[in-house]
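These notes concern the structure reproduced below.
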Protein chains: 2
Amino acid sequence: MSLSHALLTALAECPSTGAELVRRFDRSIGYFWPATHQQIYRELGTLEASGWVESSDPGPGQGRTRFYRLLPAGREELRRWVGQIGDPRPIREEMMVALRAAAAVGPGDLALALSRHLERHREKCDHYRAIEARDFADPDMPRERRLQHLVLKAGIAYEAQWVAICEEALGILES
Amino acid sequence: MSLSHALLTALAECPSTGAELVRRFDRSIGYFWPATHQQIYRELGTLEASGWVESSDPGPGQGRTRFYRLLPAGREELRRWVGQIGDPRPIREEMMVALRAAAAVGPGDLALALSRHLERHREKCDHYRAIEARDFADPDMPRERRLQHLVLKAGIAYEAQWVAICEEALGILES
DNA sequence: ACCCCCAATGCAACAAGTTGCATCAAGCTA
DNA sequence: TAGCTTGATGCAACTTGTTGCATTGGGGGT
């Protein structure tokens, strides 16, 4: 289960409230490990029960907002986990099933669905590239920045690749 | 839910028993939509209840083995679904979280985990390429074969890309 | 002061996927 | 023929992720 460790990572980068974590998952970490606010709040409870994370009781004037921060045990756990991650997950891609289905029962409206996919992948790709241009313009960076940059580049390559696949599929359907 | 449609696709390609479907999922369709025998048997029951699939009662001398085949309604449903597939699923990649965690709390044994990943991706890549060389050597194929080939090429590109990412990550860690 | 809205947190039910084990029938071996 | 193995099917419990809605408290408008 890596949601827990994605949260530990987020908190290692910066202590936050639950809602801030939700936003950060929408913006950055969640690009590679998406999570809803439900999952996040649930998991924060578990992490606190495990003693990896600590939260402050909200004082008066700050509603129900709790601040979470990483405990040393959590940092230790995270470091341990980094060397222990499991094998890569298999792909699970609806589009690939649909291509094969189209080969078996005919194309139907597949081209339409493909262009929607193409559009989504293009958007994501552009989005990532914009972040890259903004945050990683400097070619000379310390190791930690280079790792972060690599993660982003992986996302770009991933999306660009699906763009190419969709285009080729559309080409085959048109021919 | 595309497991149902992956099964319809498999049955459109060729009627089978449950166990045969399990094997085909291990060999080919499952490369892009993995499923356990449990999921498959359960789903076959649902498909039959929906009237998309039909199964024969096992006669004497063939144990409990049931043969499944696609019904016209199932073929119709599959054709409909092909134009209706949803947006691409977001990536969910443990390794990306780990890279970011390593940037935050230090590399630990990440290099070890990375080389394991690298090895897995290389294996899969080689495996797919072998299938390609065996089944898609002929450059001149009808549309349905070209679609099938594209699916395989997508798998190759996907794996090759992770190979490159792992190599680059290892490079950064060594530097 | 009252009301309304909003952000933050949370519950509960559900859907999908995973794991471990159980059963049933055939065929093999002794 | 009794026991063992193997292949096919299936049940039940569990984990993970999703969806829809509920509660709580602060702050702004009137």
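Just so we're on the same page: first chain in the structure tokens is A, next is B, and so on; residues restart at 1 for each chain, and ligands are numbered from 1 in the order they show up.
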
Fewer than 2 positions away in the same chain doesn't count, so skip those; otherwise give me all residues within 9 Å of segment 152-159 of chain B, counting only C-alpha atoms (C1' of nucleotides), as a list of chain:residue names.
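Surrounding residues, per the criterion: A:Ile91, A:Met96, A:Tyr158, A:Gln161, A:Trp162, A:Ile165, B:Tyr31, B:Phe32, B:His121, B:Arg122, B:Glu123, B:Lys124, B:Cys125, B:Asp126, B:His127, B:Tyr128, B:Arg129, B:Ile131, B:Glu132, B:Leu147, B:Gln148, B:His149, B:Leu150, B:Gln161, B:Trp162, B:Val163, B:Ala164.
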
Would you write out those residues with N, CA and C atoms, as a short mmCIF file (atom, residue, chain, number, x, y, z; two decimals), in the first residue's frame?
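Result file again-v2.cif:
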```cif
data_model
loop_
_atom_site.label_atom_id
_atom_site.label_comp_id
_atom_site.auth_asym_id
_atom_site.auth_seq_id
_atom_site.Cartn_x
_atom_site.Cartn_y
_atom_site.Cartn_z
N ILE A 91 0.13 -2.81 -16.47
CA ILE A 91 -0.71 -1.81 -17.11
C ILE A 91 -2.17 -2.23 -16.98
N MET A 96 -6.49 -0.06 -24.65
CA MET A 96 -5.86 -1.21 -25.30
C MET A 96 -6.87 -2.34 -25.50
N TYR A 158 5.55 9.65 -20.54
CA TYR A 158 4.39 8.77 -20.50
C TYR A 158 3.25 9.33 -21.34
N GLN A 161 3.95 9.48 -25.06
CA GLN A 161 3.87 8.17 -25.69
C GLN A 161 2.44 7.80 -26.02
N TRP A 162 1.52 8.10 -25.13
CA TRP A 162 0.12 7.79 -25.43
C TRP A 162 -0.40 8.68 -26.54
N ILE A 165 0.63 6.89 -29.61
CA ILE A 165 -0.18 5.68 -29.83
C ILE A 165 -1.55 6.05 -30.38
N TYR B 31 -2.08 -8.76 -20.51
CA TYR B 31 -0.96 -7.82 -20.50
C TYR B 31 -1.47 -6.40 -20.30
N PHE B 32 -2.68 -6.15 -20.75
CA PHE B 32 -3.22 -4.80 -20.64
C PHE B 32 -4.44 -4.72 -19.75
N HIS B 121 11.33 -4.66 -16.20
CA HIS B 121 10.89 -3.97 -17.42
C HIS B 121 11.65 -4.50 -18.63
N ARG B 122 12.91 -4.77 -18.46
CA ARG B 122 13.69 -5.34 -19.56
C ARG B 122 13.11 -6.67 -20.00
N GLU B 123 12.79 -7.50 -19.00
CA GLU B 123 12.22 -8.83 -19.33
C GLU B 123 10.94 -8.69 -20.14
N LYS B 124 10.05 -7.83 -19.63
CA LYS B 124 8.77 -7.67 -20.32
C LYS B 124 8.98 -7.16 -21.73
N CYS B 125 9.87 -6.20 -21.84
CA CYS B 125 10.16 -5.61 -23.14
C CYS B 125 10.65 -6.69 -24.11
N ASP B 126 11.60 -7.48 -23.67
CA ASP B 126 12.14 -8.55 -24.51
C ASP B 126 11.04 -9.54 -24.88
N HIS B 127 10.23 -9.86 -23.89
CA HIS B 127 9.15 -10.80 -24.12
C HIS B 127 8.21 -10.31 -25.22
N TYR B 128 7.80 -9.05 -25.10
CA TYR B 128 6.91 -8.47 -26.11
C TYR B 128 7.58 -8.46 -27.48
N ARG B 129 8.86 -8.11 -27.49
CA ARG B 129 9.56 -8.05 -28.79
C ARG B 129 9.62 -9.43 -29.43
N ILE B 131 7.39 -11.78 -29.09
CA ILE B 131 6.06 -12.03 -29.65
C ILE B 131 5.91 -11.27 -30.97
N GLU B 132 6.40 -10.04 -30.97
CA GLU B 132 6.29 -9.23 -32.19
C GLU B 132 7.01 -9.91 -33.35
N LEU B 147 -4.16 -3.30 -35.93
CA LEU B 147 -4.61 -2.85 -34.60
C LEU B 147 -4.00 -3.73 -33.51
N GLN B 148 -4.03 -5.04 -33.75
CA GLN B 148 -3.43 -5.93 -32.75
C GLN B 148 -1.94 -5.63 -32.58
N HIS B 149 -1.30 -5.37 -33.70
CA HIS B 149 0.13 -5.07 -33.65
C HIS B 149 0.37 -3.79 -32.86
N LEU B 150 -0.49 -2.82 -33.08
CA LEU B 150 -0.34 -1.54 -32.37
C LEU B 150 -0.42 -1.74 -30.86
N GLN B 161 10.18 2.59 -22.16
CA GLN B 161 10.25 3.89 -21.52
C GLN B 161 10.63 3.78 -20.05
N TRP B 162 10.05 2.81 -19.36
CA TRP B 162 10.41 2.64 -17.96
C TRP B 162 11.84 2.16 -17.81
N VAL B 163 12.30 1.38 -18.78
CA VAL B 163 13.72 1.01 -18.76
C VAL B 163 14.58 2.26 -18.76
N ALA B 164 14.25 3.19 -19.66
CA ALA B 164 15.04 4.40 -19.76
C ALA B 164 14.97 5.22 -18.48
#
```

Near DT19 of chain D, counting only C-alpha atoms (C1' of nucleotides), which residues have an atom at most 10 Å away, once you skip same-chain residues fewer than 4 positions from it, shown as a ChimeraX atom specification?
/C:13-15

Using only C-alpha atoms (C1' of nucleotides), find the residues of chain B whose closest atom to chain C is at most 10 Å away, then write them as a list in words.
Met1, Leu3, Ala35, Thr36, Gln38, Gln39, Pro60, Gly61, Gln62, Gly63, Arg64 and Thr65 of chain B

Selected residue, from B:Thr46, B:Ser175, B:Thr17, B:Ser115, that lies nearest to chain D when counting only C-alpha atoms (C1' of nucleotides):
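Smallest separation from chain D among the options: B:Thr17.
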
Run DSSP on the backbone of this structure and report the residues of segment 20-107 of chain B it assigns to helix (DSSP H, G or I), as a tab-separated table (two decimals) with N, CA and C atoms, in the first residue's frame.
```tsv
chain	number	residue	atom	x	y	z
B	20	GLU	N	-9.55	-21.75	-19.81
B	20	GLU	CA	-8.83	-21.28	-20.99
B	20	GLU	C	-8.72	-19.76	-20.97
B	21	LEU	N	-9.81	-19.11	-20.58
B	21	LEU	CA	-9.78	-17.66	-20.49
B	21	LEU	C	-8.73	-17.21	-19.48
B	22	VAL	N	-8.68	-17.91	-18.37
B	22	VAL	CA	-7.66	-17.58	-17.38
B	22	VAL	C	-6.28	-17.62	-18.02
B	23	ARG	N	-6.02	-18.68	-18.78
B	23	ARG	CA	-4.70	-18.81	-19.41
B	23	ARG	C	-4.48	-17.72	-20.45
B	24	ARG	N	-5.52	-17.41	-21.22
B	24	ARG	CA	-5.34	-16.36	-22.23
B	24	ARG	C	-5.09	-15.01	-21.57
B	25	PHE	N	-5.71	-14.80	-20.42
B	25	PHE	CA	-5.43	-13.56	-19.72
B	25	PHE	C	-3.99	-13.52	-19.23
B	26	ASP	N	-3.47	-14.67	-18.86
B	26	ASP	CA	-2.07	-14.68	-18.44
B	26	ASP	C	-1.14	-14.44	-19.62
B	27	ARG	N	-1.57	-14.81	-20.80
B	27	ARG	CA	-0.68	-14.78	-21.96
B	27	ARG	C	-0.80	-13.51	-22.78
B	29	ILE	N	-4.34	-11.01	-23.45
B	29	ILE	CA	-5.20	-9.89	-23.09
B	29	ILE	C	-4.80	-9.30	-21.75
B	30	GLY	N	-4.41	-10.18	-20.84
B	30	GLY	CA	-4.09	-9.74	-19.50
B	30	GLY	C	-2.86	-8.85	-19.42
B	31	TYR	N	-2.08	-8.76	-20.51
B	31	TYR	CA	-0.96	-7.82	-20.50
B	31	TYR	C	-1.47	-6.40	-20.30
B	37	HIS	N	-8.22	-15.65	-11.73
B	37	HIS	CA	-9.28	-16.60	-12.08
B	37	HIS	C	-10.56	-16.27	-11.32
B	38	GLN	N	-10.42	-15.78	-10.11
B	38	GLN	CA	-11.59	-15.40	-9.33
B	38	GLN	C	-12.42	-14.34	-10.02
B	39	GLN	N	-11.74	-13.29	-10.42
B	39	GLN	CA	-12.46	-12.22	-11.11
B	39	GLN	C	-13.14	-12.76	-12.35
B	40	ILE	N	-12.41	-13.60	-13.08
B	40	ILE	CA	-12.92	-14.08	-14.35
B	40	ILE	C	-14.17	-14.94	-14.16
B	41	TYR	N	-14.10	-15.89	-13.23
B	41	TYR	CA	-15.27	-16.74	-13.03
B	41	TYR	C	-16.46	-15.92	-12.55
B	42	ARG	N	-16.19	-15.01	-11.61
B	42	ARG	CA	-17.28	-14.20	-11.09
B	42	ARG	C	-17.92	-13.41	-12.22
B	43	GLU	N	-17.06	-12.81	-13.04
B	43	GLU	CA	-17.57	-11.95	-14.10
B	43	GLU	C	-18.31	-12.76	-15.17
B	44	LEU	N	-17.83	-13.96	-15.44
B	44	LEU	CA	-18.54	-14.80	-16.41
B	44	LEU	C	-19.96	-15.05	-15.94
B	45	GLY	N	-20.13	-15.27	-14.65
B	45	GLY	CA	-21.47	-15.44	-14.11
B	45	GLY	C	-22.33	-14.22	-14.38
B	46	THR	N	-21.77	-13.05	-14.11
B	46	THR	CA	-22.51	-11.81	-14.35
B	46	THR	C	-22.86	-11.65	-15.82
B	47	LEU	N	-21.89	-11.93	-16.68
B	47	LEU	CA	-22.13	-11.78	-18.12
B	47	LEU	C	-23.25	-12.70	-18.58
B	48	GLU	N	-23.25	-13.90	-18.04
B	48	GLU	CA	-24.30	-14.84	-18.43
B	48	GLU	C	-25.66	-14.33	-17.95
B	49	ALA	N	-25.68	-13.81	-16.71
B	49	ALA	CA	-26.94	-13.28	-16.18
B	49	ALA	C	-27.44	-12.10	-17.02
B	72	PRO	N	-25.14	-12.77	-29.55
B	72	PRO	CA	-25.26	-11.56	-30.37
B	72	PRO	C	-25.42	-10.29	-29.52
B	73	ALA	N	-26.21	-10.38	-28.44
B	73	ALA	CA	-26.38	-9.21	-27.58
B	73	ALA	C	-25.04	-8.77	-27.00
B	74	GLY	N	-24.19	-9.75	-26.70
B	74	GLY	CA	-22.88	-9.43	-26.15
B	74	GLY	C	-22.00	-8.74	-27.19
B	75	ARG	N	-22.06	-9.24	-28.39
B	75	ARG	CA	-21.29	-8.63	-29.48
B	75	ARG	C	-21.74	-7.18	-29.69
B	76	GLU	N	-23.05	-7.00	-29.64
B	76	GLU	CA	-23.61	-5.66	-29.81
B	76	GLU	C	-23.12	-4.72	-28.70
B	77	GLU	N	-23.19	-5.23	-27.48
B	77	GLU	CA	-22.73	-4.44	-26.33
B	77	GLU	C	-21.26	-4.06	-26.48
B	78	LEU	N	-20.48	-5.00	-26.95
B	78	LEU	CA	-19.05	-4.73	-27.10
B	78	LEU	C	-18.82	-3.63	-28.14
B	79	ARG	N	-19.56	-3.71	-29.23
B	79	ARG	CA	-19.42	-2.72	-30.28
B	79	ARG	C	-19.81	-1.33	-29.75
B	80	ARG	N	-20.88	-1.33	-28.97
B	80	ARG	CA	-21.33	-0.07	-28.37
B	80	ARG	C	-20.24	0.48	-27.44
B	81	TRP	N	-19.69	-0.37	-26.59
B	81	TRP	CA	-18.74	0.06	-25.57
B	81	TRP	C	-17.48	0.67	-26.18
B	82	VAL	N	-17.08	0.10	-27.33
B	82	VAL	CA	-15.84	0.54	-27.97
B	82	VAL	C	-15.84	2.05	-28.23
B	94	GLU	N	4.28	3.34	-7.93
B	94	GLU	CA	5.01	3.35	-6.66
B	94	GLU	C	6.42	3.95	-6.82
B	95	MET	N	7.07	3.56	-7.91
B	95	MET	CA	8.44	4.01	-8.12
B	95	MET	C	8.57	5.53	-8.15
B	96	MET	N	7.58	6.18	-8.72
B	96	MET	CA	7.63	7.64	-8.79
B	96	MET	C	7.52	8.25	-7.39
B	97	VAL	N	6.67	7.65	-6.57
B	97	VAL	CA	6.56	8.12	-5.19
B	97	VAL	C	7.89	7.90	-4.47
B	98	ALA	N	8.50	6.76	-4.74
B	98	ALA	CA	9.76	6.45	-4.06
B	98	ALA	C	10.86	7.41	-4.48
B	99	LEU	N	10.88	7.79	-5.76
B	99	LEU	CA	11.90	8.74	-6.20
B	99	LEU	C	11.74	10.07	-5.45
B	100	ARG	N	10.51	10.47	-5.32
B	100	ARG	CA	10.27	11.72	-4.62
B	100	ARG	C	10.58	11.59	-3.14
B	101	ALA	N	10.26	10.44	-2.58
B	101	ALA	CA	10.60	10.22	-1.18
B	101	ALA	C	12.11	10.25	-1.00
B	102	ALA	N	12.83	9.67	-1.97
B	102	ALA	CA	14.29	9.67	-1.88
B	102	ALA	C	14.83	11.09	-1.94
B	103	ALA	N	14.18	11.92	-2.73
B	103	ALA	CA	14.60	13.32	-2.78
B	103	ALA	C	14.38	13.99	-1.42
B	104	ALA	N	13.38	13.53	-0.68
B	104	ALA	CA	13.06	14.18	0.58
B	104	ALA	C	13.84	13.62	1.76
B	105	VAL	N	14.02	12.29	1.82
B	105	VAL	CA	14.65	11.71	3.02
B	105	VAL	C	15.94	10.94	2.71
```

Where in chain A does DSSP assign strand (DSSP E), given as a VMD selection string?
chain A and resid 16 to 17 53 to 55 67 to 70

Print the selection's residues with C-alpha atoms to a file, as a tab-separated table (two decimals), in the first residue's frame.
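Contents of part28.tsv, as written:
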```tsv
chain	number	residue	atom	x	y	z
A	16	SER	CA	0.39	20.48	6.34
A	17	THR	CA	-3.26	20.28	7.20
A	53	VAL	CA	2.61	11.19	12.11
A	54	GLU	CA	1.37	13.63	14.70
A	55	SER	CA	-1.48	16.09	14.55
A	67	PHE	CA	-1.97	20.27	11.39
A	68	TYR	CA	-0.04	17.12	10.61
A	69	ARG	CA	3.68	16.65	10.78
A	70	LEU	CA	6.03	13.72	10.22
```

Interface, chain D side, toward chain B (10 Å; only C-alpha atoms (C1' of nucleotides)) as a ChimeraX atom specification:
/D:7-10

Keeping only N, CA and C atoms (P, O5', C5', C4', C3', O3' and C1' of nucleotides), write those residues as a PDB file, in the first residue's frame.
```pdb
ATOM      1  P    DG D   7      -2.541 -29.603 -13.924  1.00  0.00           P
ATOM      2  O5'  DG D   7      -4.070 -29.413 -14.287  1.00  0.00           O
ATOM      3  C5'  DG D   7      -4.692 -30.358 -15.158  1.00  0.00           C
ATOM      4  C4'  DG D   7      -6.148 -29.997 -15.280  1.00  0.00           C
ATOM      5  C3'  DG D   7      -6.407 -28.517 -15.537  1.00  0.00           C
ATOM      6  O3'  DG D   7      -7.470 -28.414 -16.464  1.00  0.00           O
ATOM      7  C1'  DG D   7      -7.464 -29.172 -13.517  1.00  0.00           C
ATOM      8  P    DA D   8      -7.977 -27.024 -17.017  1.00  0.00           P
ATOM      9  O5'  DA D   8      -9.289 -26.773 -16.154  1.00  0.00           O
ATOM     10  C5'  DA D   8     -10.406 -27.619 -16.358  1.00  0.00           C
ATOM     11  C4'  DA D   8     -11.512 -27.232 -15.406  1.00  0.00           C
ATOM     12  C3'  DA D   8     -11.891 -25.746 -15.439  1.00  0.00           C
ATOM     13  O3'  DA D   8     -13.246 -25.653 -15.850  1.00  0.00           O
ATOM     14  C1'  DA D   8     -11.646 -26.558 -13.198  1.00  0.00           C
ATOM     15  P    DT D   9     -13.960 -24.236 -15.934  1.00  0.00           P
ATOM     16  O5'  DT D   9     -14.511 -24.092 -14.454  1.00  0.00           O
ATOM     17  C5'  DT D   9     -15.464 -25.029 -13.961  1.00  0.00           C
ATOM     18  C4'  DT D   9     -15.758 -24.767 -12.504  1.00  0.00           C
ATOM     19  C3'  DT D   9     -16.304 -23.380 -12.188  1.00  0.00           C
ATOM     20  O3'  DT D   9     -17.681 -23.509 -11.858  1.00  0.00           O
ATOM     21  C1'  DT D   9     -14.753 -24.145 -10.558  1.00  0.00           C
ATOM     22  P    DG D  10     -18.590 -22.265 -11.568  1.00  0.00           P
ATOM     23  O5'  DG D  10     -18.252 -21.904 -10.057  1.00  0.00           O
ATOM     24  C5'  DG D  10     -18.619 -22.829  -9.046  1.00  0.00           C
ATOM     25  C4'  DG D  10     -18.029 -22.389  -7.737  1.00  0.00           C
ATOM     26  C3'  DG D  10     -18.380 -20.972  -7.288  1.00  0.00           C
ATOM     27  O3'  DG D  10     -19.406 -21.058  -6.320  1.00  0.00           O
ATOM     28  C1'  DG D  10     -16.164 -21.617  -6.730  1.00  0.00           C
TER      29       DG D  10
END
```

Expressed in Å to a single decimal, how great is the separation between atom CA of Trp52 of chain A and atom CA of Leu8 of chain A?
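Separation of atom CA of Trp52 of chain A and atom CA of Leu8 of chain A: 8.1 Å.
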